[in-house]
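Raw coords-v3.pdb, PDB, C-alpha atoms:
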ATOM      1  CA  MET A 214     157.675 135.405 110.320  1.00  0.00           C
ATOM      2  CA  ARG A 215     159.503 136.757 107.316  1.00  0.00           C
ATOM      3  CA  ARG A 216     163.149 137.629 107.854  1.00  0.00           C
ATOM      4  CA  GLU A 217     164.188 141.222 107.633  1.00  0.00           C
ATOM      5  CA  ASN A 218     166.435 140.498 104.686  1.00  0.00           C
ATOM      6  CA  GLY A 219     163.817 138.431 102.866  1.00  0.00           C
ATOM      7  CA  LEU A 220     163.259 138.435  99.146  1.00  0.00           C
ATOM      8  CA  GLU A 221     160.247 140.712  99.018  1.00  0.00           C
ATOM      9  CA  ASN A 222     160.703 143.242  96.219  1.00  0.00           C
ATOM     10  CA  LYS A 223     164.235 141.959  95.634  1.00  0.00           C
ATOM     11  CA  ARG A 224     165.205 141.051  92.104  1.00  0.00           C
ATOM     12  CA  VAL A 225     166.033 137.390  91.516  1.00  0.00           C
ATOM     13  CA  VAL A 226     167.315 136.089  88.182  1.00  0.00           C
ATOM     14  CA  VAL A 227     167.164 132.365  87.521  1.00  0.00           C
ATOM     15  CA  LEU A 228     169.175 131.273  84.501  1.00  0.00           C
ATOM     16  CA  GLY A 229     167.572 128.070  83.333  1.00  0.00           C
ATOM     17  CA  GLY A 230     164.392 129.003  85.177  1.00  0.00           C
ATOM     18  CA  SER A 231     161.848 127.748  82.668  1.00  0.00           C
ATOM     19  CA  SER A 232     161.719 124.153  83.868  1.00  0.00           C
ATOM     20  CA  GLY A 233     162.833 121.677  86.488  1.00  0.00           C
ATOM     21  CA  ILE A 234     164.735 122.930  89.516  1.00  0.00           C
ATOM     22  CA  GLY A 235     165.114 126.418  88.070  1.00  0.00           C
ATOM     23  CA  PHE A 236     161.373 126.697  87.633  1.00  0.00           C
ATOM     24  CA  ALA A 237     160.797 125.517  91.194  1.00  0.00           C
ATOM     25  CA  VAL A 238     163.244 128.174  92.437  1.00  0.00           C
ATOM     26  CA  ALA A 239     161.492 130.875  90.417  1.00  0.00           C
ATOM     27  CA  GLU A 240     158.118 129.723  91.716  1.00  0.00           C
ATOM     28  CA  LEU A 241     159.237 129.917  95.352  1.00  0.00           C
ATOM     29  CA  ALA A 242     161.000 133.244  94.925  1.00  0.00           C
ATOM     30  CA  ALA A 243     157.944 134.771  93.282  1.00  0.00           C
ATOM     31  CA  ALA A 244     155.744 133.393  96.049  1.00  0.00           C
ATOM     32  CA  GLN A 245     157.940 135.228  98.555  1.00  0.00           C
ATOM     33  CA  GLY A 246     157.433 138.493  96.749  1.00  0.00           C
ATOM     34  CA  ALA A 247     160.658 138.619  94.750  1.00  0.00           C
ATOM     35  CA  ARG A 248     160.683 140.399  91.420  1.00  0.00           C
ATOM     36  CA  THR A 249     161.596 137.260  89.549  1.00  0.00           C
ATOM     37  CA  ILE A 250     163.195 137.005  86.125  1.00  0.00           C
ATOM     38  CA  ILE A 251     163.709 133.701  84.367  1.00  0.00           C
ATOM     39  CA  ALA A 252     166.048 133.123  81.453  1.00  0.00           C
ATOM     40  CA  SER A 253     166.234 130.121  79.185  1.00  0.00           C
ATOM     41  CA  SER A 254     167.332 129.335  75.649  1.00  0.00           C
ATOM     42  CA  ASN A 255     163.913 128.110  74.542  1.00  0.00           C
ATOM     43  CA  ALA A 256     161.328 130.814  73.807  1.00  0.00           C
ATOM     44  CA  GLU A 257     158.388 128.447  74.018  1.00  0.00           C
ATOM     45  CA  ARG A 258     159.410 127.153  77.433  1.00  0.00           C
ATOM     46  CA  VAL A 259     160.035 130.681  78.695  1.00  0.00           C
ATOM     47  CA  GLN A 260     156.560 131.779  77.635  1.00  0.00           C
ATOM     48  CA  LYS A 261     154.927 128.694  79.096  1.00  0.00           C
ATOM     49  CA  ALA A 262     156.769 129.184  82.377  1.00  0.00           C
ATOM     50  CA  ILE A 263     155.787 132.845  82.624  1.00  0.00           C
ATOM     51  CA  GLU A 264     152.152 131.954  82.081  1.00  0.00           C
ATOM     52  CA  SER A 265     152.366 129.243  84.709  1.00  0.00           C
ATOM     53  CA  LEU A 266     154.136 131.433  87.260  1.00  0.00           C
ATOM     54  CA  GLY A 267     151.827 134.405  86.729  1.00  0.00           C
ATOM     55  CA  GLY A 268     152.194 137.653  88.612  1.00  0.00           C
ATOM     56  CA  ASP A 269     155.078 139.965  87.884  1.00  0.00           C
ATOM     57  CA  VAL A 270     157.496 137.338  86.600  1.00  0.00           C
ATOM     58  CA  GLN A 271     159.512 138.354  83.556  1.00  0.00           C
ATOM     59  CA  GLY A 272     161.278 136.133  81.052  1.00  0.00           C
ATOM     60  CA  HIS A 273     164.210 136.419  78.693  1.00  0.00           C
ATOM     61  CA  VAL A 274     165.357 134.110  75.927  1.00  0.00           C
ATOM     62  CA  VAL A 275     169.093 133.709  76.515  1.00  0.00           C
ATOM     63  CA  ASP A 276     171.602 131.166  75.283  1.00  0.00           C
ATOM     64  CA  VAL A 277     173.876 130.961  78.306  1.00  0.00           C
ATOM     65  CA  SER A 278     176.689 129.558  76.164  1.00  0.00           C
ATOM     66  CA  ASP A 279     176.707 132.906  74.321  1.00  0.00           C
ATOM     67  CA  GLU A 280     178.897 135.269  76.347  1.00  0.00           C
ATOM     68  CA  ARG A 281     177.472 138.426  74.796  1.00  0.00           C
ATOM     69  CA  ALA A 282     173.908 137.272  75.454  1.00  0.00           C
ATOM     70  CA  VAL A 283     174.722 136.632  79.108  1.00  0.00           C
ATOM     71  CA  GLU A 284     176.375 140.051  79.350  1.00  0.00           C
ATOM     72  CA  THR A 285     173.319 141.791  77.913  1.00  0.00           C
ATOM     73  CA  CYS A 286     170.934 139.926  80.187  1.00  0.00           C
ATOM     74  CA  SER A 287     173.053 140.616  83.262  1.00  0.00           C
ATOM     75  CA  GLN A 288     173.163 144.358  82.674  1.00  0.00           C
ATOM     76  CA  SER A 289     169.405 144.725  82.705  1.00  0.00           C
ATOM     77  CA  SER A 290     169.112 145.783  86.317  1.00  0.00           C
ATOM     78  CA  ALA A 291     170.379 145.524  89.863  1.00  0.00           C
ATOM     79  CA  LEU A 292     170.013 142.031  91.197  1.00  0.00           C
ATOM     80  CA  ARG A 293     169.503 140.474  94.554  1.00  0.00           C
ATOM     81  CA  SER A 294     170.400 136.987  93.514  1.00  0.00           C
ATOM     82  CA  LEU A 295     171.558 135.039  90.524  1.00  0.00           C
ATOM     83  CA  GLY A 296     171.074 131.319  90.100  1.00  0.00           C
ATOM     84  CA  LEU A 297     172.188 129.051  87.314  1.00  0.00           C
ATOM     85  CA  GLN A 298     170.664 125.770  86.277  1.00  0.00           C
ATOM     86  CA  ARG A 299     171.406 123.446  83.417  1.00  0.00           C
ATOM     87  CA  ARG A 300     168.672 121.474  81.726  1.00  0.00           C
ATOM     88  CA  ASP A 301     170.897 119.272  79.579  1.00  0.00           C
ATOM     89  CA  SER A 302     172.109 115.910  80.783  1.00  0.00           C
ATOM     90  CA  LEU A 303     175.577 115.327  82.117  1.00  0.00           C
ATOM     91  CA  TYR A 304     178.077 113.986  79.631  1.00  0.00           C
ATOM     92  CA  LEU A 305     178.766 110.422  80.770  1.00  0.00           C
ATOM     93  CA  HIS A 306     181.118 108.110  78.909  1.00  0.00           C
ATOM     94  CA  GLU A 307     184.052 105.903  79.633  1.00  0.00           C
ATOM     95  CA  LEU A 308     187.163 107.935  79.043  1.00  0.00           C
ATOM     96  CA  ALA A 309     188.432 105.555  76.369  1.00  0.00           C
ATOM     97  CA  THR A 310     185.359 106.260  74.249  1.00  0.00           C
ATOM     98  CA  THR A 311     184.941 109.902  75.184  1.00  0.00           C
ATOM     99  CA  ASP A 312     184.587 112.318  72.302  1.00  0.00           C
ATOM    100  CA  LEU A 313     186.732 115.191  73.516  1.00  0.00           C
ATOM    101  CA  MET A 314     184.874 117.739  71.425  1.00  0.00           C
ATOM    102  CA  GLN A 315     181.651 116.758  73.192  1.00  0.00           C
ATOM    103  CA  ALA A 316     183.501 116.868  76.481  1.00  0.00           C
ATOM    104  CA  ARG A 317     184.572 120.421  75.684  1.00  0.00           C
ATOM    105  CA  ARG A 318     180.979 121.250  74.945  1.00  0.00           C
ATOM    106  CA  ALA A 319     180.011 119.969  78.399  1.00  0.00           C
ATOM    107  CA  PHE A 320     182.470 122.407  79.929  1.00  0.00           C
ATOM    108  CA  GLU A 321     181.162 125.154  77.685  1.00  0.00           C
ATOM    109  CA  LEU A 322     177.596 124.689  78.841  1.00  0.00           C
ATOM    110  CA  ARG A 323     178.238 124.070  82.510  1.00  0.00           C
ATOM    111  CA  TYR A 324     181.451 125.841  83.460  1.00  0.00           C
ATOM    112  CA  TRP A 325     181.971 128.668  80.976  1.00  0.00           C
ATOM    113  CA  SER A 326     178.329 129.700  81.097  1.00  0.00           C
ATOM    114  CA  ALA A 327     178.539 129.886  84.903  1.00  0.00           C
ATOM    115  CA  LEU A 328     181.735 131.904  84.669  1.00  0.00           C
ATOM    116  CA  ALA A 329     180.131 134.334  82.212  1.00  0.00           C
ATOM    117  CA  ALA A 330     177.087 134.726  84.442  1.00  0.00           C
ATOM    118  CA  VAL A 331     179.291 135.449  87.451  1.00  0.00           C
ATOM    119  CA  LYS A 332     181.513 137.830  85.497  1.00  0.00           C
ATOM    120  CA  TYR A 333     178.736 139.921  84.029  1.00  0.00           C
ATOM    121  CA  GLY A 334     176.119 139.500  86.702  1.00  0.00           C
ATOM    122  CA  SER A 335     178.137 140.142  89.848  1.00  0.00           C
ATOM    123  CA  PRO A 336     178.785 143.864  89.307  1.00  0.00           C
ATOM    124  CA  HIS A 337     175.028 144.377  89.244  1.00  0.00           C
ATOM    125  CA  ILE A 338     174.279 142.486  92.428  1.00  0.00           C
ATOM    126  CA  ARG A 339     173.555 144.649  95.417  1.00  0.00           C
ATOM    127  CA  GLN A 340     175.459 144.409  98.667  1.00  0.00           C
ATOM    128  CA  GLY A 341     174.134 141.439 100.565  1.00  0.00           C
ATOM    129  CA  GLY A 342     173.063 139.659  97.404  1.00  0.00           C
ATOM    130  CA  SER A 343     174.167 136.237  96.286  1.00  0.00           C
ATOM    131  CA  VAL A 344     175.111 133.910  93.500  1.00  0.00           C
ATOM    132  CA  VAL A 345     174.051 130.282  93.786  1.00  0.00           C
ATOM    133  CA  LEU A 346     175.663 127.767  91.468  1.00  0.00           C
ATOM    134  CA  THR A 347     174.706 124.138  91.092  1.00  0.00           C
ATOM    135  CA  THR A 348     176.829 121.069  90.643  1.00  0.00           C
ATOM    136  CA  GLY A 349     176.581 117.360  91.300  1.00  0.00           C
ATOM    137  CA  VAL A 350     177.389 114.929  94.060  1.00  0.00           C
ATOM    138  CA  ARG A 351     179.677 112.849  91.885  1.00  0.00           C
ATOM    139  CA  ARG A 352     182.454 115.378  92.301  1.00  0.00           C
ATOM    140  CA  THR A 353     183.513 113.550  95.429  1.00  0.00           C
ATOM    141  CA  ALA A 354     182.649 109.987  94.472  1.00  0.00           C
ATOM    142  CA  PRO A 355     182.894 109.623  90.710  1.00  0.00           C
ATOM    143  CA  ALA A 356     181.754 106.307  89.287  1.00  0.00           C
ATOM    144  CA  GLN A 357     182.808 104.780  86.006  1.00  0.00           C
ATOM    145  CA  GLY A 358     181.976 107.051  83.121  1.00  0.00           C
ATOM    146  CA  TRP A 359     182.016 110.185  85.240  1.00  0.00           C
ATOM    147  CA  VAL A 360     185.479 111.474  84.391  1.00  0.00           C
ATOM    148  CA  VAL A 361     184.293 114.491  82.426  1.00  0.00           C
ATOM    149  CA  ALA A 362     181.164 115.188  84.464  1.00  0.00           C
ATOM    150  CA  ALA A 363     183.011 114.998  87.784  1.00  0.00           C
ATOM    151  CA  SER A 364     185.693 117.276  86.365  1.00  0.00           C
ATOM    152  CA  VAL A 365     183.053 119.856  85.481  1.00  0.00           C
ATOM    153  CA  CYS A 366     181.587 119.597  88.973  1.00  0.00           C
ATOM    154  CA  GLY A 367     185.022 120.145  90.471  1.00  0.00           C
ATOM    155  CA  THR A 368     185.580 123.304  88.456  1.00  0.00           C
ATOM    156  CA  ILE A 369     182.291 124.714  89.696  1.00  0.00           C
ATOM    157  CA  GLU A 370     183.456 124.226  93.266  1.00  0.00           C
ATOM    158  CA  ALA A 371     186.785 125.892  92.481  1.00  0.00           C
ATOM    159  CA  LEU A 372     184.926 128.769  90.852  1.00  0.00           C
ATOM    160  CA  THR A 373     182.758 129.128  93.936  1.00  0.00           C
ATOM    161  CA  ARG A 374     185.670 129.392  96.321  1.00  0.00           C
ATOM    162  CA  ALA A 375     187.879 131.543  94.118  1.00  0.00           C
ATOM    163  CA  TRP A 376     185.191 133.967  93.080  1.00  0.00           C
ATOM    164  CA  ARG A 377     183.988 134.451  96.630  1.00  0.00           C
ATOM    165  CA  SER A 378     187.466 135.697  97.550  1.00  0.00           C
ATOM    166  CA  ASN A 379     187.709 138.036  94.609  1.00  0.00           C
ATOM    167  CA  TRP A 380     184.257 139.563  94.681  1.00  0.00           C
ATOM    168  CA  ARG A 381     183.308 139.826  98.322  1.00  0.00           C
ATOM    169  CA  ARG A 382     183.472 143.574  97.937  1.00  0.00           C
ATOM    170  CA  PHE A 383     180.290 143.379  95.947  1.00  0.00           C
ATOM    171  CA  VAL A 384     178.488 140.328  97.186  1.00  0.00           C
ATOM    172  CA  SER A 385     178.498 138.857 100.623  1.00  0.00           C
ATOM    173  CA  THR A 386     177.000 135.489  99.845  1.00  0.00           C
ATOM    174  CA  GLN A 387     177.951 132.879  97.373  1.00  0.00           C
ATOM    175  CA  CYS A 388     177.242 129.207  97.770  1.00  0.00           C
ATOM    176  CA  ARG A 389     176.868 126.088  95.811  1.00  0.00           C
ATOM    177  CA  LEU A 390     174.440 123.238  96.050  1.00  0.00           C
ATOM    178  CA  GLU A 391     175.208 119.613  95.560  1.00  0.00           C
ATOM    179  CA  TRP A 392     172.260 117.658  94.569  1.00  0.00           C
ATOM    180  CA  PHE A 393     170.920 114.269  93.733  1.00  0.00           C
ATOM    181  CA  GLY A 394     167.349 113.821  92.635  1.00  0.00           C
ATOM    182  CA  ARG A 395     164.898 114.447  89.891  1.00  0.00           C
ATOM    183  CA  THR A 396     165.641 117.539  87.890  1.00  0.00           C
ATOM    184  CA  CYS A 397     162.076 117.736  86.606  1.00  0.00           C
ATOM    185  CA  GLY A 398     158.811 117.222  88.404  1.00  0.00           C
ATOM    186  CA  ARG A 399     156.665 114.245  87.691  1.00  0.00           C
ATOM    187  CA  THR A 400     153.940 115.460  85.377  1.00  0.00           C
TER     188      THR A 400
ATOM    189  CA  MET B 178     170.893 107.137  80.042  1.00  0.00           C
ATOM    190  CA  SER B 179     167.326 106.709  78.868  1.00  0.00           C
ATOM    191  CA  ALA B 180     164.349 108.173  80.734  1.00  0.00           C
ATOM    192  CA  ALA B 181     163.317 104.681  81.842  1.00  0.00           C
ATOM    193  CA  GLU B 182     166.810 103.898  83.097  1.00  0.00           C
ATOM    194  CA  ARG B 183     166.944 107.186  84.952  1.00  0.00           C
ATOM    195  CA  GLU B 184     163.574 106.538  86.559  1.00  0.00           C
ATOM    196  CA  HIS B 185     164.737 103.090  87.635  1.00  0.00           C
ATOM    197  CA  LEU B 186     167.845 104.680  89.153  1.00  0.00           C
ATOM    198  CA  TYR B 187     165.745 107.196  91.070  1.00  0.00           C
ATOM    199  CA  GLU B 188     163.482 104.472  92.412  1.00  0.00           C
ATOM    200  CA  SER B 189     166.294 102.174  93.501  1.00  0.00           C
ATOM    201  CA  VAL B 190     168.461 104.908  94.985  1.00  0.00           C
ATOM    202  CA  GLY B 191     165.470 106.496  96.680  1.00  0.00           C
ATOM    203  CA  LYS B 192     164.752 103.302  98.582  1.00  0.00           C
ATOM    204  CA  SER B 193     168.312 103.227  99.885  1.00  0.00           C
ATOM    205  CA  LEU B 194     168.195 106.754 101.278  1.00  0.00           C
ATOM    206  CA  PRO B 195     167.178 107.525 104.871  1.00  0.00           C
ATOM    207  CA  VAL B 196     164.265 109.609 103.610  1.00  0.00           C
ATOM    208  CA  GLY B 197     163.098 106.786 101.328  1.00  0.00           C
ATOM    209  CA  ARG B 198     162.996 108.822  98.161  1.00  0.00           C
ATOM    210  CA  VAL B 199     165.128 110.903  95.854  1.00  0.00           C
ATOM    211  CA  GLY B 200     164.803 114.647  95.874  1.00  0.00           C
ATOM    212  CA  GLU B 201     162.276 116.611  93.899  1.00  0.00           C
ATOM    213  CA  PRO B 202     162.851 120.057  92.405  1.00  0.00           C
ATOM    214  CA  ARG B 203     160.887 121.723  95.203  1.00  0.00           C
ATOM    215  CA  ASP B 204     163.310 120.253  97.754  1.00  0.00           C
ATOM    216  CA  ILE B 205     166.334 121.961  96.321  1.00  0.00           C
ATOM    217  CA  ALA B 206     164.343 125.101  95.542  1.00  0.00           C
ATOM    218  CA  GLN B 207     163.937 125.520  99.295  1.00  0.00           C
ATOM    219  CA  ALA B 208     167.713 125.244  99.661  1.00  0.00           C
ATOM    220  CA  TYR B 209     168.187 127.916  97.004  1.00  0.00           C
ATOM    221  CA  LEU B 210     165.889 130.277  98.835  1.00  0.00           C
ATOM    222  CA  PHE B 211     167.774 129.664 102.060  1.00  0.00           C
ATOM    223  CA  LEU B 212     171.080 130.513 100.411  1.00  0.00           C
ATOM    224  CA  MET B 213     169.662 133.634  98.786  1.00  0.00           C
ATOM    225  CA  GLU B 214     168.585 134.963 102.150  1.00  0.00           C
ATOM    226  CA  GLU B 215     171.449 133.703 104.294  1.00  0.00           C
ATOM    227  CA  GLY B 216     174.157 136.328 104.263  1.00  0.00           C
ATOM    228  CA  PHE B 217     176.761 134.454 106.267  1.00  0.00           C
ATOM    229  CA  ALA B 218     177.225 131.269 104.241  1.00  0.00           C
ATOM    230  CA  THR B 219     179.928 132.162 101.775  1.00  0.00           C
ATOM    231  CA  GLY B 220     181.908 130.100  99.320  1.00  0.00           C
ATOM    232  CA  ARG B 221     180.953 126.716 100.664  1.00  0.00           C
ATOM    233  CA  PRO B 222     178.794 123.901  99.386  1.00  0.00           C
ATOM    234  CA  LEU B 223     175.436 123.004 100.768  1.00  0.00           C
ATOM    235  CA  TRP B 224     174.659 119.345 100.312  1.00  0.00           C
ATOM    236  CA  SER B 225     171.081 118.540  99.521  1.00  0.00           C
ATOM    237  CA  THR B 226     171.635 114.839  99.050  1.00  0.00           C
ATOM    238  CA  ALA B 227     169.670 113.024 101.725  1.00  0.00           C
ATOM    239  CA  GLU B 228     173.000 112.441 103.455  1.00  0.00           C
ATOM    240  CA  ARG B 229     173.855 108.890 102.586  1.00  0.00           C
ATOM    241  CA  PHE B 230     175.137 106.911  99.614  1.00  0.00           C
ATOM    242  CA  TRP B 231     177.400 109.409  97.947  1.00  0.00           C
ATOM    243  CA  PHE B 232     179.967 110.181 100.621  1.00  0.00           C
TER     244      PHE B 232
END

Mind converting the file's structure to structure tokens?
Amino acid sequence: MRRENGLENKRVVVLGGSSGIGFAVAELAAAQGARTIIASSNAERVQKAIESLGGDVQGHVVDVSDERAVETCSQSSALRSLGLQRRDSLYLHELATTDLMQARRAFELRYWSALAAVKYGSPHIRQGGSVVLTTGVRRTAPAQGWVVAASVCGTIEALTRAWRSNWRRFVSTQCRLEWFGRTCGRT
Amino acid sequence: MSAAEREHLYESVGKSLPVGRVGEPRDIAQAYLFLMEEGFATGRPLWSTAERFWF
């Protein structure tokens, strides 16, 4: 039985929804009747994903590291839910050999893009909607080489908790997933 | 980490997990859908990690 507050006819935006976990989320949401929108930086992947998903799925080419692009995408319509996925690999190096400019880039892609999506997307999310952010399990048990990556994961958790407190007026749900597994299906 | 190294990691870690495998995208997609619909789970993590190994 479908829940009363199910996703049917609700608008779901999946940033990074053209492949991997994001694609799987978009596929499930669409199957449940959500008006699904995927966004990714790669036009070819977006088009391929739309064709594969079929139905009423829409796609946007968006570089999530570009604040203005995220703002424009977020203002397109009222949302039920906003999810963010990253396709790039985590930045893993021993600290002694870490290129700090690349480390900054890791934060740019994973933290600042999430912050921009929350900032510009949340005012458009309807009451009862949600934001779901993703981070990694190594936040709590970082191994060698995980200094930067675990730091990024920790900031996502802090963002989750802090933003929930500040924006509950607009959105009642906001959670975060910790995950270990394949990020792309075996094809 | 190369693709082959990553695949080896997935295989070896998967065997050590109670479920005998690492997660696939569809596993966590189900968790996403749950969180989208669940209006009472706010500001907290949901661990989709097959429980063991990391904590």

Subject >> Exercise answer, chain B residues close to chain A, 6 Å and only C-alpha atoms, as an MDAnalysis selection string >> reply: chainID B and resid 199:203 206 213:214 216 219:226

Subject >> the PyMOL selection byres ((chain B and resi 187) around 8) resolved against shown file, as a VMD selection string >> reply: (chain A and resid 394 to 395) or (chain B and resid 183 to 186 188 to 191 198 to 199)

**OP:** Using CA of Thr249 (chain A) and CA of His273 (chain A) as the two end points, give the distance in Å to one decimal.
**Re:** 11.2 Å

Subject >> Point-to-point distance from CA of Thr285 (chain A) to CA of Ile369 (chain A), Å rounded to tenths >> reply: 22.6 Å

Subject >> Atomic separation - CA of Ala327 (chain A) relative to CA of Ile250 (chain A), Å >> reply: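 Spanning CA of Ile250 (chain A) to CA of Ala327 (chain A) is a straight-line distance of 17.0 Å.
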
Expected file for chain B keeping C-alpha atoms, as an mmCIF file, in the first residue's frame:
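Dumped to selection16.cif:
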data_model
loop_
_atom_site.group_PDB
_atom_site.id
_atom_site.type_symbol
_atom_site.label_atom_id
_atom_site.label_comp_id
_atom_site.auth_asym_id
_atom_site.auth_seq_id
_atom_site.Cartn_x
_atom_site.Cartn_y
_atom_site.Cartn_z
ATOM 1 C CA MET B 178 42.838 3.641 -6.501
ATOM 2 C CA SER B 179 42.500 1.844 -9.810
ATOM 3 C CA ALA B 180 39.267 0.178 -10.932
ATOM 4 C CA ALA B 181 40.843 -3.247 -10.404
ATOM 5 C CA GLU B 182 42.002 -2.328 -6.912
ATOM 6 C CA ARG B 183 38.576 -0.979 -6.066
ATOM 7 C CA GLU B 184 36.904 -4.138 -7.328
ATOM 8 C CA HIS B 185 39.274 -6.239 -5.238
ATOM 9 C CA LEU B 186 38.390 -4.112 -2.207
ATOM 10 C CA TYR B 187 34.675 -4.602 -2.821
ATOM 11 C CA GLU B 188 35.095 -8.351 -3.143
ATOM 12 C CA SER B 189 37.217 -8.744 -0.025
ATOM 13 C CA VAL B 190 35.159 -6.397 2.127
ATOM 14 C CA GLY B 191 31.926 -7.909 0.860
ATOM 15 C CA LYS B 192 32.949 -11.335 2.104
ATOM 16 C CA SER B 193 33.582 -9.935 5.570
ATOM 17 C CA LEU B 194 30.148 -8.354 5.887
ATOM 18 C CA PRO B 195 27.177 -10.162 7.451
ATOM 19 C CA VAL B 196 25.274 -9.886 4.176
ATOM 20 C CA GLY B 197 28.216 -11.326 2.225
ATOM 21 C CA ARG B 198 28.460 -8.532 -0.288
ATOM 22 C CA VAL B 199 29.010 -4.819 -0.612
ATOM 23 C CA GLY B 200 26.113 -2.559 -1.403
ATOM 24 C CA GLU B 201 24.844 -1.795 -4.859
ATOM 25 C CA PRO B 202 23.353 1.518 -5.971
ATOM 26 C CA ARG B 203 19.820 0.128 -5.765
ATOM 27 C CA ASP B 204 20.360 -0.648 -2.071
ATOM 28 C CA ILE B 205 21.023 2.922 -1.104
ATOM 29 C CA ALA B 206 18.408 4.197 -3.547
ATOM 30 C CA GLN B 207 15.832 2.438 -1.380
ATOM 31 C CA ALA B 208 17.223 4.281 1.644
ATOM 32 C CA TYR B 209 16.923 7.584 -0.207
ATOM 33 C CA LEU B 210 13.298 6.919 -0.997
ATOM 34 C CA PHE B 211 12.627 6.070 2.630
ATOM 35 C CA LEU B 212 14.150 9.343 3.787
ATOM 36 C CA MET B 213 12.237 11.345 1.192
ATOM 37 C CA GLU B 214 8.961 9.979 2.474
ATOM 38 C CA GLU B 215 9.738 9.793 6.181
ATOM 39 C CA GLY B 216 8.816 13.109 7.723
ATOM 40 C CA PHE B 217 10.031 12.436 11.241
ATOM 41 C CA ALA B 218 13.698 11.585 10.698
ATOM 42 C CA THR B 219 15.427 14.927 10.861
ATOM 43 C CA GLY B 220 19.065 15.903 10.957
ATOM 44 C CA ARG B 221 20.455 12.480 11.683
ATOM 45 C CA PRO B 222 22.458 9.985 9.688
ATOM 46 C CA LEU B 223 21.103 6.779 8.321
ATOM 47 C CA TRP B 224 23.776 4.142 8.007
ATOM 48 C CA SER B 225 23.497 1.907 5.006
ATOM 49 C CA THR B 226 26.701 0.026 5.653
ATOM 50 C CA ALA B 227 25.808 -3.592 6.304
ATOM 51 C CA GLU B 228 26.491 -2.864 9.968
ATOM 52 C CA ARG B 229 29.920 -4.281 10.542
ATOM 53 C CA PHE B 230 33.532 -3.410 9.772
ATOM 54 C CA TRP B 231 33.462 0.346 9.911
ATOM 55 C CA PHE B 232 32.330 1.068 13.450
#
